[in-house]
Amino acid sequence: MKTLKQIYILAFFCVGINYAQITTLEVDASQSIAKIQPTMYGIFFEDINFAADGGLYAEMIKNRSFEFDEPLMGWEQPNSDRHSYNNNSGIATIIKYSGDQTNHNYCRITVKDDQGYKIINQGFRGMGIHAKAVYNLSFLAAKTSGNIKELHFKLVGKDKKEIASTSVVVDANDWKKYEAQLTATATAEKATLEITFSGTGEIDMDMISLFPEDTWKQRKNGMRKDLVQLLADMDPGFLRFPGGCIVEGRTLAKRYQWKKTVGPIEDREILVNRWNTEFGHRPTPDYYQSFGIGFFEYFQLAEDMGAEPLPILSCGMACQFNTGELVPMEELDPYVQDALDLIEFANGDVSTPWGKVRSDMGHPEPFNMKYIGVGNEQWGPDYIARYKVFSEAIKKQYPDMIIVSGSGPFPDGDYFEYGMEALKKLNAEIIDEHYYRSPQWFRDNADRYDDYDRNGPKIFAGEYAAQSVAIASPKNENNWECAMSEAAFMTGLERNAEVVQLTSYAPLMAHTEGWQWTPDLIWFNNLTSYGTPNYYVQKLFATNRGTDLMKVTIDGKKIIGQKSLYASVVKDTETNEMIVKVVNTLSEKNTINFKWNGVSVANNATQIVLVSEGLSDVNSISKPKNIIPKSKEIKIDAKDGVQLAPYSVNVFKLKIN
């Protein structure tokens with residue numbers, strides 16, 4: 001049996017152990033190491049995983065103008081079978097417009113039995129319809145023969161139950177636009193649009209379109225509100241668009257050409273999406289680009305969110321993972337001119353040809369674009385030769401334009417080393433680096449930029465995401481280990497703000513039934529959406545970016561995993577706060593304290609915690625807030641310190657006295 005003296009000694013010894021376990025983060029706030037750029041945390045958008053059509057673009061009709069390679073893909077005729085010639089009720093036939101135009105096809109519907117014929121659009125894995133919501137219908141039509149008087153439109157939900165309907169009288173023999181509205185009486189995730197007819201005869205139809213009335217900024221035929229709100233909530237410093245590999249195309253003929261994405265919607269020529277057959281595990285032959293979100297809409301979206309627009313253009317090289325097709329150097333001029341014309345479109349006066357196009361679309365004021373990217377993930381001498389031509393031409397006409405170049409698809413290896421060295425010799429301003437690696441790689445590389453030349457090119461961490469299984473594996477998940485590891489890595493990005501000036505996770509979005517690549521930052525179905533744990537990490541850093549980088553150490557050393565901790569500290573001169581980001585990758589609690597040099601801070605603080613007990617934990621459609629940040633007010637005691645939960649990302653905000 002222990003004596004009272006022994007108990008006192010044991011208690012003192014245990015307390016001593018507790019204090020010995022407190023780790024002190026020493027912050028030198030006497031001077032700013034670097035300014036945190038407003039562009040430090042941004043968004044990379046690419047039309048992969050049905051992110052545009054079927055996602056951000058709120059159009060609900062798939063193949064609205066019958067332009068797919070199979071022109072009736074997305075449409076059903078349940079009472080008409082052309083293969084068995086059972087078309088007694090009617091049939092739809094595709095007819096090509098005469099002349100040279102970007103809208104190639106229209107549909108001629110022959111109605112023989114107005115009680116039996118119908119044509120149905122499937123939507124993008126169905127149509128998400130919300131009860132009491134209003135939907136705007138529009139279409140082009142021309143009566144060619146017979147006595148068809150009226151068209152009936154019906155939204156059909158689960159169990160073939162009608163949930164909205166309207167009728168439109170068609171009164172013209174020439175092409176005319178008709179509009180109507182439908183108000184839903186019930187919610188359905190996989191509704192379809194059914195069209196029937198009063199009368200018989202022939203009628204031509206084109207650009208059959210259905211949008212929710214409630215869109216982002218209430219713009220008619222605009223973007224899906226909940227998805228844009230998730231983006232805006234991240235307070236992005238920039239918006240990079242339109243990709244990604246989608247910029248390059250599998251062939252040059254299928255590359256993204258921005259000039260084909262501006263002007264009237266009906267004149268934008270559709271293009272098969274380069275991701276439609278990329279992966280054998282997720283073939284999506286119905287994946288096309290309508291360009292309803294084109295370059296004007298991207299610029300407008302960036303402006304809405306207060307983000308810098310960062311367009312990426314083809315440099316005359318198709319995707320090197322596919323054909324690697326090259327435009328000859330002597331034929332590169334049109335590609336270069338596209339870049340110069342884009343700058344005029346974004347920034348030019350309304351008296352210029354492309355400035356007038358922008359103005360005619362409703363934006364006479366310039367978009368004030370400051371950045372332009374040349375190529376996406378190209379590598380090797382062919383890329384460097386083409387980049388040099390672009391750079392010289394752009395700088396000659398627009399010397400203040402900041403050009404973003406690329407170091408290839410990998411963060412190391414021969415391609416990367418060659419590209420970095422060659423671009424440095426060309427005095428490249430910003431080099432885009434990409435890395436899709438394991439969670440462990442992200443934790444191990446928190447010091448990646450510590451030894452980069454402070455006087456060399458700035459870095460754009462343009463695409464990164466921890467892969468829970470393997471690169472491009474369909475089994476990757478947005479689990480907590482990946483998100484936490486990215487947070488650890490991001491403290492290293494922030495700690496090197498002298499060099500790293502733009503960062504963005506990739507890919508951004510994925511439809512739960514239309515994805516090709518995992519993991520992804522935001523997931524959605526036809527009705528709802530949610531942010532992954534990775535999303536909340538990005539949001540936590542972006543909304544607490546601060547203005548000035550401070551030095552923080554443990555025992556005089558940068559914090560890159562000692563005692564499983566990763567940390568960075570910034571000062572926010574606008575809110576008069578010190579902001580500390582600390583990631584605890586330990587499976588147990590970690591106790592820390594702060595030692596402040598060069599600044600006096602309040603003992604009271606706001607602590608924002610993002611945490612989960614299981615490394616494999618995820619958010620989902622059914623549990624969208626399984627892992628989300630939680631905020632609390634705390635008092636930092638110099639004696640007891642602050643406890644960090646196991647596997648946690650923490651942000652401390654302390655007012656400066």
# chains A, B, ... in the order shown; residues from 1 in each chain; ligands from 1
$ closest_atom_pairs --of "stretch 217-262 of chain A" --to "stretch 31-47 of chain A" --cutoff "7 Å" --atoms "only C-alpha atoms" --output "tab-separated table"
residue	atom	partner	partner_atom	distance
A:Pro236	CA	A:Gly42	CA	4.3
A:Gly237	CA	A:Thr39	CA	4.1
A:Phe238	CA	A:Gly42	CA	4.7
A:Leu239	CA	A:Ile43	CA	4.9
A:Arg240	CA	A:Phe44	CA	4.7
A:Phe241	CA	A:Phe45	CA	5.3
A:Pro242	CA	A:Glu46	CA	5.3
A:Gly243	CA	A:Glu46	CA	4.4
A:Gly244	CA	A:Glu46	CA	6.0
$ write_last_selection --atoms "C-alpha atoms" --output "PDB file, in the first residue's frame"
ATOM      1  CA  PRO A 236     -11.591  31.594 -54.367  1.00  0.00           C
ATOM      2  CA  GLY A 237      -8.770  33.878 -55.405  1.00  0.00           C
ATOM      3  CA  PHE A 238      -8.867  32.640 -58.989  1.00  0.00           C
ATOM      4  CA  LEU A 239     -10.859  30.433 -61.356  1.00  0.00           C
ATOM      5  CA  ARG A 240      -8.802  28.312 -63.736  1.00  0.00           C
ATOM      6  CA  PHE A 241     -10.763  27.057 -66.754  1.00  0.00           C
ATOM      7  CA  PRO A 242     -11.709  25.195 -68.946  1.00  0.00           C
ATOM      8  CA  GLY A 243      -9.229  22.413 -67.955  1.00  0.00           C
ATOM      9  CA  GLY A 244      -7.218  20.244 -67.771  1.00  0.00           C
TER      10      GLY A 244
END
$ residues_around --residues "A:Asp572" --least-positions-apart "5" --cutoff "6 Å" --atoms "only C-alpha atoms" --output "ChimeraX atom specification"
/A:546-547,577
$ residues_around --residues "A:Gly406" --least-positions-apart "2" --cutoff "12 Å" --atoms "only C-alpha atoms" --output "number ranges by chain"
A: 244, 312-315, 372-380, 383-384, 386-387, 403-404, 408-411, 415-424, 428-434, 457-463
$ residues_around --residues "stretch 483-500 of chain A" --least-positions-apart "5" --cutoff "8 Å" --atoms "only C-alpha atoms" --output "PyMOL selection string"
chain A and resi 33-37+40+439-440+442-443+445-450+452-454+457-461+465-466+478+533-534+537-538+549+551+560+566-569+581-583+585+647-649
$ atom_distance --atom1 "atom CA of A:Leu252" --atom2 "atom CA of A:Tyr335"
10.9 Å
$ closest_residue --among "A:Thr528, A:Gln607, A:Thr93, A:Asn590" --to "A:Leu540" --atoms "only C-alpha atoms"
A:Gln607
$ closest_residue --among "A:Gly456, A:Gly561, A:Gly280, A:Gly123" --to "A:Leu210" --atoms "only C-alpha atoms"
A:Gly123
$ select_by_dssp --residues "stretch 156-226 of chain A" --states "strand (DSSP E or B)" --output "NGL selection string"
:A and (156 or 162-169 or 176-183 or 188-198 or 201-212 or 223)
$ write_last_selection --atoms "N, CA and C atoms" --output "CSV table (one decimal), in the first residue's frame"
chain,number,residue,atom,x,y,z
A,156,VAL,N,-42.5,13.7,-65.7
A,156,VAL,CA,-43.0,12.4,-65.2
A,156,VAL,C,-42.0,12.0,-64.1
A,162,GLU,N,-47.3,11.9,-63.1
A,162,GLU,CA,-47.1,13.3,-63.6
A,162,GLU,C,-46.9,14.3,-62.4
A,163,ILE,N,-45.8,15.1,-62.6
A,163,ILE,CA,-45.6,16.1,-61.5
A,163,ILE,C,-45.6,17.5,-62.0
A,164,ALA,N,-45.7,17.7,-63.3
A,164,ALA,CA,-45.8,19.1,-63.9
A,164,ALA,C,-46.3,18.9,-65.3
A,165,SER,N,-47.0,19.9,-65.8
A,165,SER,CA,-47.4,19.9,-67.2
A,165,SER,C,-47.7,21.3,-67.7
A,166,THR,N,-47.6,21.4,-69.0
A,166,THR,CA,-48.1,22.7,-69.7
A,166,THR,C,-48.3,22.3,-71.2
A,167,SER,N,-49.0,23.2,-71.8
A,167,SER,CA,-49.3,23.0,-73.3
A,167,SER,C,-49.0,24.3,-74.0
A,168,VAL,N,-48.5,24.2,-75.2
A,168,VAL,CA,-48.1,25.3,-76.1
A,168,VAL,C,-48.8,25.2,-77.4
A,169,VAL,N,-49.5,26.2,-77.9
A,169,VAL,CA,-50.1,26.3,-79.2
A,169,VAL,C,-49.0,26.7,-80.2
A,176,LYS,N,-40.0,29.4,-85.2
A,176,LYS,CA,-40.4,30.4,-84.2
A,176,LYS,C,-40.0,29.8,-82.8
A,177,LYS,N,-39.6,30.7,-82.0
A,177,LYS,CA,-39.3,30.3,-80.6
A,177,LYS,C,-40.5,30.4,-79.7
A,178,TYR,N,-40.8,29.3,-79.0
A,178,TYR,CA,-41.9,29.2,-78.0
A,178,TYR,C,-41.4,29.1,-76.6
A,179,GLU,N,-42.1,29.6,-75.7
A,179,GLU,CA,-41.7,29.6,-74.3
A,179,GLU,C,-42.9,29.3,-73.4
A,180,ALA,N,-42.7,28.6,-72.3
A,180,ALA,CA,-43.7,28.3,-71.3
A,180,ALA,C,-43.1,27.9,-70.0
A,181,GLN,N,-43.9,27.7,-69.0
A,181,GLN,CA,-43.4,27.4,-67.7
A,181,GLN,C,-44.1,26.2,-67.1
A,182,LEU,N,-43.4,25.4,-66.3
A,182,LEU,CA,-44.0,24.2,-65.6
A,182,LEU,C,-43.7,24.4,-64.1
A,183,THR,N,-44.7,24.2,-63.3
A,183,THR,CA,-44.5,24.2,-61.8
A,183,THR,C,-44.7,22.8,-61.3
A,188,ALA,N,-38.7,14.9,-57.6
A,188,ALA,CA,-38.2,13.6,-58.2
A,188,ALA,C,-36.8,13.8,-58.6
A,189,GLU,N,-36.0,12.8,-58.3
A,189,GLU,CA,-34.6,12.8,-58.7
A,189,GLU,C,-34.3,12.4,-60.1
A,190,LYS,N,-35.2,11.6,-60.7
A,190,LYS,CA,-35.0,11.0,-62.0
A,190,LYS,C,-36.3,11.2,-62.9
A,191,ALA,N,-36.7,12.4,-63.0
A,191,ALA,CA,-37.9,12.7,-63.8
A,191,ALA,C,-37.4,12.7,-65.3
A,192,THR,N,-38.4,12.6,-66.2
A,192,THR,CA,-38.2,12.7,-67.6
A,192,THR,C,-39.2,13.7,-68.2
A,193,LEU,N,-38.9,14.2,-69.4
A,193,LEU,CA,-39.8,15.1,-70.0
A,193,LEU,C,-40.5,14.4,-71.2
A,194,GLU,N,-41.8,14.4,-71.2
A,194,GLU,CA,-42.6,13.7,-72.2
A,194,GLU,C,-43.4,14.7,-73.0
A,195,ILE,N,-43.2,14.5,-74.4
A,195,ILE,CA,-43.9,15.5,-75.3
A,195,ILE,C,-44.9,14.7,-76.1
A,196,THR,N,-46.2,15.2,-76.1
A,196,THR,CA,-47.2,14.6,-76.9
A,196,THR,C,-47.9,15.7,-77.8
A,197,PHE,N,-48.8,15.3,-78.6
A,197,PHE,CA,-49.3,16.2,-79.7
A,197,PHE,C,-50.8,16.2,-79.8
A,198,SER,N,-51.4,17.3,-80.1
A,198,SER,CA,-52.8,17.4,-80.5
A,198,SER,C,-52.8,17.6,-82.0
A,201,GLY,N,-49.7,15.1,-88.4
A,201,GLY,CA,-49.0,15.8,-89.4
A,201,GLY,C,-47.5,15.8,-89.1
A,202,GLU,N,-46.8,16.8,-89.6
A,202,GLU,CA,-45.3,16.9,-89.4
A,202,GLU,C,-45.0,18.2,-88.8
A,203,ILE,N,-44.1,18.2,-87.8
A,203,ILE,CA,-43.6,19.4,-87.2
A,203,ILE,C,-42.1,19.3,-86.9
A,204,ASP,N,-41.4,20.3,-87.2
A,204,ASP,CA,-39.9,20.3,-87.0
A,204,ASP,C,-39.6,21.0,-85.6
A,205,MET,N,-38.7,20.4,-84.9
A,205,MET,CA,-38.3,20.9,-83.6
A,205,MET,C,-36.8,21.0,-83.4
A,206,ASP,N,-36.4,22.0,-82.6
A,206,ASP,CA,-34.9,22.1,-82.4
A,206,ASP,C,-34.8,22.9,-81.1
A,207,MET,N,-33.6,22.8,-80.5
A,207,MET,CA,-33.2,23.5,-79.2
A,207,MET,C,-34.3,23.4,-78.2
A,208,ILE,N,-34.7,22.2,-77.9
A,208,ILE,CA,-35.7,21.9,-76.8
A,208,ILE,C,-35.0,22.0,-75.5
A,209,SER,N,-35.4,22.9,-74.6
A,209,SER,CA,-34.6,23.3,-73.5
A,209,SER,C,-35.5,23.4,-72.2
A,210,LEU,N,-35.0,23.0,-71.1
A,210,LEU,CA,-35.7,23.2,-69.8
A,210,LEU,C,-34.7,23.5,-68.7
A,211,PHE,N,-35.0,24.7,-68.0
A,211,PHE,CA,-34.1,25.2,-67.0
A,211,PHE,C,-34.9,25.5,-65.7
A,212,PRO,N,-34.3,25.3,-64.6
A,212,PRO,CA,-35.0,25.8,-63.4
A,212,PRO,C,-35.0,27.3,-63.4
A,223,MET,N,-26.7,28.9,-64.3
A,223,MET,CA,-26.0,27.9,-63.6
A,223,MET,C,-26.8,27.4,-62.4
$ residues_around --residues "stretch 609-616 of chain A" --least-positions-apart "4" --cutoff "7 Å" --atoms "only C-alpha atoms" --output "ChimeraX atom specification"
/A:479-481,627-631,647-651
$ write_last_selection --atoms "N, CA and C atoms" --output "short mmCIF file (atom, residue, chain, number, x, y, z; two decimals), in the first residue's frame"
data_model
loop_
_atom_site.label_atom_id
_atom_site.label_comp_id
_atom_site.auth_asym_id
_atom_site.auth_seq_id
_atom_site.Cartn_x
_atom_site.Cartn_y
_atom_site.Cartn_z
N ASN A 479 -11.58 10.30 -48.52
CA ASN A 479 -11.65 9.97 -47.11
C ASN A 479 -10.84 10.94 -46.25
N TRP A 480 -10.96 10.77 -44.95
CA TRP A 480 -10.37 11.73 -44.03
C TRP A 480 -8.85 11.70 -44.06
N GLU A 481 -8.25 10.53 -44.29
CA GLU A 481 -6.80 10.49 -44.36
C GLU A 481 -6.29 11.35 -45.51
N ILE A 627 -18.34 15.06 -41.78
CA ILE A 627 -17.08 15.71 -41.40
C ILE A 627 -17.14 17.15 -41.87
N ILE A 628 -17.38 18.07 -40.94
CA ILE A 628 -17.43 19.50 -41.26
C ILE A 628 -16.74 20.27 -40.14
N PRO A 629 -16.28 21.48 -40.42
CA PRO A 629 -15.62 22.28 -39.38
C PRO A 629 -16.59 22.68 -38.27
N LYS A 630 -16.07 22.70 -37.07
CA LYS A 630 -16.84 23.18 -35.92
C LYS A 630 -16.01 24.21 -35.17
N SER A 631 -16.66 25.28 -34.78
CA SER A 631 -15.96 26.40 -34.17
C SER A 631 -16.33 26.54 -32.70
N TYR A 647 -5.97 13.06 -35.29
CA TYR A 647 -6.35 13.20 -36.70
C TYR A 647 -7.21 14.47 -36.91
N SER A 648 -6.65 15.62 -36.64
CA SER A 648 -7.45 16.84 -36.71
C SER A 648 -6.71 17.95 -37.45
N VAL A 649 -7.50 18.79 -38.11
CA VAL A 649 -7.02 20.03 -38.72
C VAL A 649 -7.60 21.17 -37.90
N ASN A 650 -6.74 22.06 -37.43
CA ASN A 650 -7.14 23.11 -36.49
C ASN A 650 -6.73 24.48 -37.00
N VAL A 651 -7.61 25.44 -36.84
CA VAL A 651 -7.29 26.83 -37.13
C VAL A 651 -7.56 27.64 -35.86
#
